[in-house]
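Just input-v8.cif here, mmCIF, N, CA, C and O atoms:
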```cif
data_model
#
loop_
_atom_site.label_atom_id
_atom_site.label_comp_id
_atom_site.auth_asym_id
_atom_site.auth_seq_id
_atom_site.Cartn_x
_atom_site.Cartn_y
_atom_site.Cartn_z
N MET A 1 -2.22 -65.32 29.49
CA MET A 1 -3.36 -64.88 30.28
C MET A 1 -3.51 -65.83 31.46
O MET A 1 -3.37 -67.03 31.33
N VAL A 2 -3.81 -65.30 32.59
CA VAL A 2 -3.96 -66.08 33.81
C VAL A 2 -5.23 -66.94 33.71
O VAL A 2 -6.25 -66.52 33.17
N THR A 3 -5.15 -68.15 34.24
CA THR A 3 -6.26 -69.10 34.15
C THR A 3 -7.56 -68.52 34.68
O THR A 3 -8.62 -68.69 34.08
N ARG A 4 -7.52 -67.80 35.78
CA ARG A 4 -8.77 -67.26 36.34
C ARG A 4 -9.41 -66.24 35.40
O ARG A 4 -10.63 -66.13 35.32
N ASN A 5 -8.58 -65.50 34.65
CA ASN A 5 -9.13 -64.56 33.66
C ASN A 5 -9.77 -65.32 32.51
O ASN A 5 -10.79 -64.89 31.97
N LYS A 6 -9.18 -66.44 32.14
CA LYS A 6 -9.76 -67.26 31.08
C LYS A 6 -11.11 -67.82 31.53
O LYS A 6 -12.07 -67.85 30.75
N ILE A 7 -11.18 -68.26 32.77
CA ILE A 7 -12.45 -68.78 33.32
C ILE A 7 -13.50 -67.68 33.29
O ILE A 7 -14.65 -67.93 32.89
N LYS A 8 -13.14 -66.49 33.68
CA LYS A 8 -14.09 -65.37 33.67
C LYS A 8 -14.60 -65.11 32.25
O LYS A 8 -15.79 -64.90 32.05
N ARG A 9 -13.70 -65.14 31.27
CA ARG A 9 -14.10 -64.91 29.89
C ARG A 9 -15.04 -66.02 29.39
O ARG A 9 -16.02 -65.75 28.69
N ILE A 10 -14.75 -67.26 29.75
CA ILE A 10 -15.62 -68.38 29.37
C ILE A 10 -17.00 -68.20 29.99
O ILE A 10 -18.03 -68.34 29.32
N GLU A 11 -17.04 -67.90 31.27
CA GLU A 11 -18.32 -67.73 31.96
C GLU A 11 -19.13 -66.58 31.37
O GLU A 11 -20.34 -66.69 31.20
N GLU A 12 -18.47 -65.49 31.03
CA GLU A 12 -19.17 -64.35 30.42
C GLU A 12 -19.72 -64.73 29.04
O GLU A 12 -20.84 -64.36 28.68
N PHE A 13 -18.95 -65.48 28.26
CA PHE A 13 -19.40 -65.91 26.94
C PHE A 13 -20.61 -66.83 27.08
O PHE A 13 -21.58 -66.71 26.32
N LEU A 14 -20.56 -67.74 28.05
CA LEU A 14 -21.68 -68.66 28.27
C LEU A 14 -22.93 -67.93 28.75
O LEU A 14 -24.05 -68.33 28.41
N GLU A 15 -22.76 -66.89 29.54
CA GLU A 15 -23.91 -66.10 30.00
C GLU A 15 -24.55 -65.34 28.84
O GLU A 15 -25.76 -65.14 28.83
N THR A 16 -23.77 -64.94 27.89
CA THR A 16 -24.24 -64.14 26.76
C THR A 16 -24.92 -64.99 25.69
O THR A 16 -25.82 -64.52 25.01
N HIS A 17 -24.49 -66.24 25.55
CA HIS A 17 -24.99 -67.10 24.48
C HIS A 17 -25.64 -68.35 25.05
O HIS A 17 -25.08 -69.00 25.93
N ASN A 18 -26.81 -68.69 24.52
CA ASN A 18 -27.56 -69.84 25.01
C ASN A 18 -26.96 -71.17 24.59
O ASN A 18 -27.00 -72.14 25.33
N ASN A 19 -26.43 -71.22 23.38
CA ASN A 19 -25.94 -72.48 22.85
C ASN A 19 -24.50 -72.27 22.37
O ASN A 19 -24.27 -71.52 21.42
N VAL A 20 -23.56 -72.94 23.01
CA VAL A 20 -22.15 -72.76 22.70
C VAL A 20 -21.51 -74.13 22.45
O VAL A 20 -21.74 -75.07 23.20
N GLU A 21 -20.72 -74.19 21.39
CA GLU A 21 -19.98 -75.41 21.08
C GLU A 21 -18.50 -75.14 21.32
O GLU A 21 -17.97 -74.11 20.88
N ALA A 22 -17.83 -76.05 21.99
CA ALA A 22 -16.39 -75.92 22.26
C ALA A 22 -15.63 -76.92 21.41
O ALA A 22 -16.03 -78.08 21.28
N LYS A 23 -14.52 -76.45 20.83
CA LYS A 23 -13.67 -77.31 20.00
C LYS A 23 -12.21 -77.06 20.33
O LYS A 23 -11.80 -75.92 20.49
N LEU A 24 -11.44 -78.14 20.40
CA LEU A 24 -9.99 -78.04 20.52
C LEU A 24 -9.45 -77.89 19.11
O LEU A 24 -9.62 -78.79 18.27
N GLU A 25 -8.82 -76.76 18.82
CA GLU A 25 -8.32 -76.48 17.48
C GLU A 25 -6.96 -75.80 17.57
O GLU A 25 -6.58 -75.30 18.62
N PHE A 26 -6.27 -75.76 16.45
CA PHE A 26 -4.98 -75.09 16.38
C PHE A 26 -5.05 -73.85 15.50
O PHE A 26 -4.04 -73.24 15.21
N SER A 27 -6.23 -73.50 15.09
CA SER A 27 -6.40 -72.32 14.25
C SER A 27 -7.37 -71.36 14.94
O SER A 27 -8.09 -71.74 15.87
N PHE A 28 -7.36 -70.13 14.45
CA PHE A 28 -8.30 -69.15 14.95
C PHE A 28 -9.60 -69.29 14.16
O PHE A 28 -9.57 -69.60 12.97
N PRO A 29 -10.75 -69.06 14.81
CA PRO A 29 -12.03 -69.15 14.09
C PRO A 29 -12.13 -68.08 13.00
O PRO A 29 -11.52 -67.02 13.11
N LEU A 30 -12.89 -68.39 11.99
CA LEU A 30 -13.15 -67.40 10.95
C LEU A 30 -13.96 -66.26 11.53
O LEU A 30 -14.80 -66.47 12.41
N PRO A 31 -13.74 -65.03 11.06
CA PRO A 31 -14.42 -63.86 11.64
C PRO A 31 -15.94 -63.90 11.50
O PRO A 31 -16.64 -63.20 12.21
N LYS A 32 -16.45 -64.75 10.59
CA LYS A 32 -17.90 -64.78 10.40
C LYS A 32 -18.63 -65.42 11.58
O LYS A 32 -19.83 -65.30 11.71
N TYR A 33 -17.91 -66.11 12.44
CA TYR A 33 -18.51 -66.75 13.61
C TYR A 33 -18.38 -65.87 14.84
O TYR A 33 -17.34 -65.24 15.05
N GLU A 34 -19.41 -65.85 15.66
CA GLU A 34 -19.26 -65.21 16.96
C GLU A 34 -18.58 -66.24 17.85
O GLU A 34 -19.11 -67.33 18.08
N SER A 35 -17.38 -65.91 18.30
CA SER A 35 -16.57 -66.93 18.97
C SER A 35 -15.69 -66.30 20.05
O SER A 35 -15.56 -65.09 20.15
N LEU A 36 -15.09 -67.18 20.82
CA LEU A 36 -14.12 -66.80 21.84
C LEU A 36 -12.96 -67.77 21.73
O LEU A 36 -13.16 -68.99 21.63
N VAL A 37 -11.76 -67.24 21.72
CA VAL A 37 -10.55 -68.06 21.63
C VAL A 37 -9.85 -68.05 22.98
O VAL A 37 -9.54 -66.99 23.52
N ILE A 38 -9.60 -69.25 23.49
CA ILE A 38 -8.83 -69.40 24.72
C ILE A 38 -7.57 -70.18 24.36
O ILE A 38 -7.64 -71.37 24.03
N ILE A 39 -6.42 -69.52 24.38
CA ILE A 39 -5.16 -70.20 24.10
C ILE A 39 -4.77 -71.00 25.34
O ILE A 39 -4.74 -70.47 26.45
N LEU A 40 -4.51 -72.28 25.11
CA LEU A 40 -4.23 -73.19 26.23
C LEU A 40 -2.74 -73.24 26.53
O LEU A 40 -1.91 -73.31 25.63
N ASN A 41 -2.43 -73.23 27.81
CA ASN A 41 -1.04 -73.33 28.25
C ASN A 41 -0.68 -74.74 28.70
O ASN A 41 0.50 -75.04 28.88
N SER A 42 -1.70 -75.58 28.92
CA SER A 42 -1.43 -76.92 29.43
C SER A 42 -2.67 -77.80 29.26
O SER A 42 -3.78 -77.32 29.03
N TYR A 43 -2.45 -79.09 29.42
CA TYR A 43 -3.56 -80.03 29.39
C TYR A 43 -4.48 -79.78 30.59
O TYR A 43 -5.70 -79.91 30.47
N ALA A 44 -3.91 -79.38 31.71
CA ALA A 44 -4.72 -79.10 32.91
C ALA A 44 -5.75 -78.02 32.63
O ALA A 44 -6.89 -78.10 33.09
N GLU A 45 -5.36 -77.00 31.86
CA GLU A 45 -6.33 -75.96 31.49
C GLU A 45 -7.43 -76.54 30.61
O GLU A 45 -8.61 -76.26 30.83
N LEU A 46 -7.06 -77.35 29.63
CA LEU A 46 -8.07 -77.97 28.77
C LEU A 46 -9.04 -78.79 29.61
O LEU A 46 -10.25 -78.70 29.43
N GLU A 47 -8.51 -79.56 30.52
CA GLU A 47 -9.33 -80.40 31.39
C GLU A 47 -10.29 -79.56 32.23
O GLU A 47 -11.48 -79.85 32.33
N LEU A 48 -9.77 -78.48 32.81
CA LEU A 48 -10.58 -77.58 33.63
C LEU A 48 -11.68 -76.91 32.81
O LEU A 48 -12.85 -76.94 33.17
N PHE A 49 -11.30 -76.33 31.68
CA PHE A 49 -12.26 -75.58 30.87
C PHE A 49 -13.29 -76.49 30.21
O PHE A 49 -14.44 -76.09 30.02
N SER A 50 -12.91 -77.71 29.87
CA SER A 50 -13.85 -78.62 29.22
C SER A 50 -14.99 -79.00 30.14
O SER A 50 -16.06 -79.40 29.67
N SER A 51 -14.80 -78.86 31.44
CA SER A 51 -15.86 -79.21 32.39
C SER A 51 -17.07 -78.29 32.27
O SER A 51 -18.14 -78.61 32.76
N TYR A 52 -16.93 -77.18 31.57
CA TYR A 52 -18.05 -76.27 31.34
C TYR A 52 -18.97 -76.76 30.22
O TYR A 52 -20.04 -76.20 30.01
N PHE A 53 -18.57 -77.80 29.50
CA PHE A 53 -19.30 -78.25 28.32
C PHE A 53 -19.59 -79.74 28.40
O PHE A 53 -18.67 -80.55 28.37
N GLN A 54 -20.89 -80.07 28.49
CA GLN A 54 -21.29 -81.48 28.65
C GLN A 54 -20.91 -82.33 27.45
O GLN A 54 -20.55 -83.49 27.60
N ASP A 55 -21.00 -81.79 26.26
CA ASP A 55 -20.78 -82.58 25.05
C ASP A 55 -19.35 -82.51 24.52
O ASP A 55 -19.08 -82.96 23.42
N PHE A 56 -18.42 -81.97 25.31
CA PHE A 56 -17.03 -81.87 24.86
C PHE A 56 -16.35 -83.22 25.02
O PHE A 56 -16.37 -83.82 26.09
N ASP A 57 -15.76 -83.70 23.95
CA ASP A 57 -15.07 -84.99 23.95
C ASP A 57 -13.61 -84.75 24.33
O ASP A 57 -12.78 -84.45 23.46
N LEU A 58 -13.30 -84.89 25.60
CA LEU A 58 -11.95 -84.61 26.12
C LEU A 58 -10.99 -85.72 25.72
O LEU A 58 -11.24 -86.89 25.99
N ILE A 59 -9.91 -85.33 25.08
CA ILE A 59 -8.87 -86.29 24.71
C ILE A 59 -8.00 -86.56 25.94
O ILE A 59 -8.04 -85.82 26.92
N THR A 60 -7.18 -87.59 25.86
CA THR A 60 -6.29 -87.91 26.98
C THR A 60 -5.10 -86.96 26.98
O THR A 60 -4.81 -86.31 25.96
N GLU A 61 -4.40 -86.93 28.08
CA GLU A 61 -3.22 -86.08 28.17
C GLU A 61 -2.15 -86.54 27.18
O GLU A 61 -1.46 -85.72 26.57
N GLU A 62 -2.04 -87.84 26.98
CA GLU A 62 -1.06 -88.37 26.03
C GLU A 62 -1.41 -87.93 24.61
O GLU A 62 -0.52 -87.55 23.83
N GLU A 63 -2.68 -87.98 24.24
CA GLU A 63 -3.11 -87.53 22.91
C GLU A 63 -2.83 -86.03 22.73
O GLU A 63 -2.36 -85.60 21.68
N TYR A 64 -3.11 -85.26 23.79
CA TYR A 64 -2.87 -83.82 23.75
C TYR A 64 -1.39 -83.54 23.53
O TYR A 64 -1.02 -82.73 22.67
N GLU A 65 -0.52 -84.21 24.28
CA GLU A 65 0.92 -84.00 24.14
C GLU A 65 1.41 -84.41 22.76
O GLU A 65 2.24 -83.74 22.16
N GLU A 66 0.87 -85.51 22.25
CA GLU A 66 1.26 -85.98 20.92
C GLU A 66 0.88 -84.96 19.85
O GLU A 66 1.67 -84.65 18.96
N ILE A 67 -0.32 -84.42 19.95
CA ILE A 67 -0.78 -83.41 18.99
C ILE A 67 0.09 -82.16 19.10
O ILE A 67 0.53 -81.61 18.09
N CYS A 68 0.35 -81.72 20.31
CA CYS A 68 1.14 -80.50 20.51
C CYS A 68 2.57 -80.69 20.01
O CYS A 68 3.15 -79.77 19.42
N ASN A 69 3.15 -81.84 20.25
CA ASN A 69 4.53 -82.10 19.84
C ASN A 69 4.68 -82.19 18.33
O ASN A 69 5.77 -82.02 17.80
N SER A 70 3.58 -82.47 17.64
CA SER A 70 3.65 -82.59 16.19
C SER A 70 3.48 -81.24 15.50
O SER A 70 3.57 -81.16 14.29
N ARG A 71 3.27 -80.19 16.26
CA ARG A 71 3.05 -78.85 15.70
C ARG A 71 4.31 -78.02 15.75
O ARG A 71 5.15 -78.17 16.64
N ASN A 72 4.44 -77.11 14.78
CA ASN A 72 5.50 -76.12 14.78
C ASN A 72 4.98 -74.95 15.61
O ASN A 72 4.02 -74.31 15.22
N TYR A 73 5.61 -74.68 16.74
CA TYR A 73 5.04 -73.70 17.66
C TYR A 73 5.25 -72.26 17.24
O TYR A 73 6.33 -71.71 17.29
N SER A 74 4.18 -71.68 16.80
CA SER A 74 4.05 -70.24 16.63
C SER A 74 2.74 -69.92 17.34
O SER A 74 2.00 -70.82 17.70
N VAL A 75 2.45 -68.66 17.55
CA VAL A 75 1.22 -68.31 18.27
C VAL A 75 0.00 -68.92 17.59
O VAL A 75 -0.91 -69.41 18.24
N SER A 76 0.00 -68.92 16.27
CA SER A 76 -1.16 -69.45 15.56
C SER A 76 -1.27 -70.97 15.69
O SER A 76 -2.32 -71.53 15.44
N ALA A 77 -0.20 -71.65 16.07
CA ALA A 77 -0.22 -73.10 16.17
C ALA A 77 -0.43 -73.60 17.60
O ALA A 77 -0.52 -74.79 17.81
N TYR A 78 -0.52 -72.72 18.56
CA TYR A 78 -0.78 -73.14 19.93
C TYR A 78 -2.17 -73.77 20.01
O TYR A 78 -3.09 -73.34 19.31
N PRO A 79 -2.36 -74.75 20.88
CA PRO A 79 -3.69 -75.32 21.03
C PRO A 79 -4.65 -74.29 21.61
O PRO A 79 -4.28 -73.51 22.49
N LYS A 80 -5.86 -74.32 21.08
CA LYS A 80 -6.87 -73.35 21.52
C LYS A 80 -8.17 -74.06 21.81
O LYS A 80 -8.53 -75.01 21.13
N LEU A 81 -8.87 -73.58 22.81
CA LEU A 81 -10.24 -74.00 23.04
C LEU A 81 -11.09 -72.90 22.41
O LEU A 81 -11.17 -71.80 22.94
N ASN A 82 -11.63 -73.19 21.24
CA ASN A 82 -12.45 -72.21 20.53
C ASN A 82 -13.92 -72.45 20.87
O ASN A 82 -14.40 -73.57 20.78
N LEU A 83 -14.58 -71.39 21.29
CA LEU A 83 -15.99 -71.46 21.63
C LEU A 83 -16.78 -70.76 20.54
O LEU A 83 -16.46 -69.64 20.15
N TYR A 84 -17.80 -71.45 20.05
CA TYR A 84 -18.63 -70.92 18.96
C TYR A 84 -20.07 -70.77 19.45
O TYR A 84 -20.64 -71.73 19.98
N ALA A 85 -20.63 -69.58 19.26
CA ALA A 85 -22.05 -69.38 19.54
C ALA A 85 -22.84 -69.96 18.39
O ALA A 85 -22.53 -69.68 17.22
N LYS A 86 -23.82 -70.76 18.70
CA LYS A 86 -24.65 -71.36 17.64
C LYS A 86 -25.89 -70.53 17.39
O LYS A 86 -26.43 -69.92 18.24
#
```

Take the structure from the file and write it as structure tokens.
Amino acid sequence: MVTRNKIKRIEEFLETHNNVEAKLEFSFPLPKYESLVIILNSYAELELFSSYFQDFDLITEEEYEEICNSRNYSVSAYPKLNLYAK
């Protein structure tokens, strides 16, 4: 998905929900949560998207690469910015 489309989806989710928590995860959220999944293609995307959330604890690029390199890459193992409506 193109980065600008991801930004649009994030902005729409934030407009719809008053309180949103963002988490860097490698799994999909459970269906019981109202959530949005943004599959990340790079650290630059994580850095850009995290700027929408004041309380997001952004890891370093080295930490991100280390985490990604330790994963077996399948679609379900790609890094994701999961947004949860509270």

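When DSSP is run on the backbone, the residues of range 2-37 of chain A that fall into strand (DSSP E or B) are Val20, Glu21, Ala22, Lys23, Leu24, Glu25, Ser35, Leu36 and Val37 of chain A.
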
Give me, as a ChimeraX atom specification, all polymer residues having an atom no more than 10 Å from range 38-49 of chain A, counting only C-alpha atoms and skipping those fewer than 3 positions away in the same chain. /A:1-3,6-7,9-11,22,24-26,28,35,52-53,56,58-65,68,75-83

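Taking CA of Glu66 in chain A as the reference point, atom N of Ala85 in chain A is found at 27.4 Å.
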
With DSSP run on the backbone, what are the helix (DSSP H, G or I) residues within chain A? I'd like them as a ChimeraX atom specification. /A:3-16,43-50,61-69,75-77
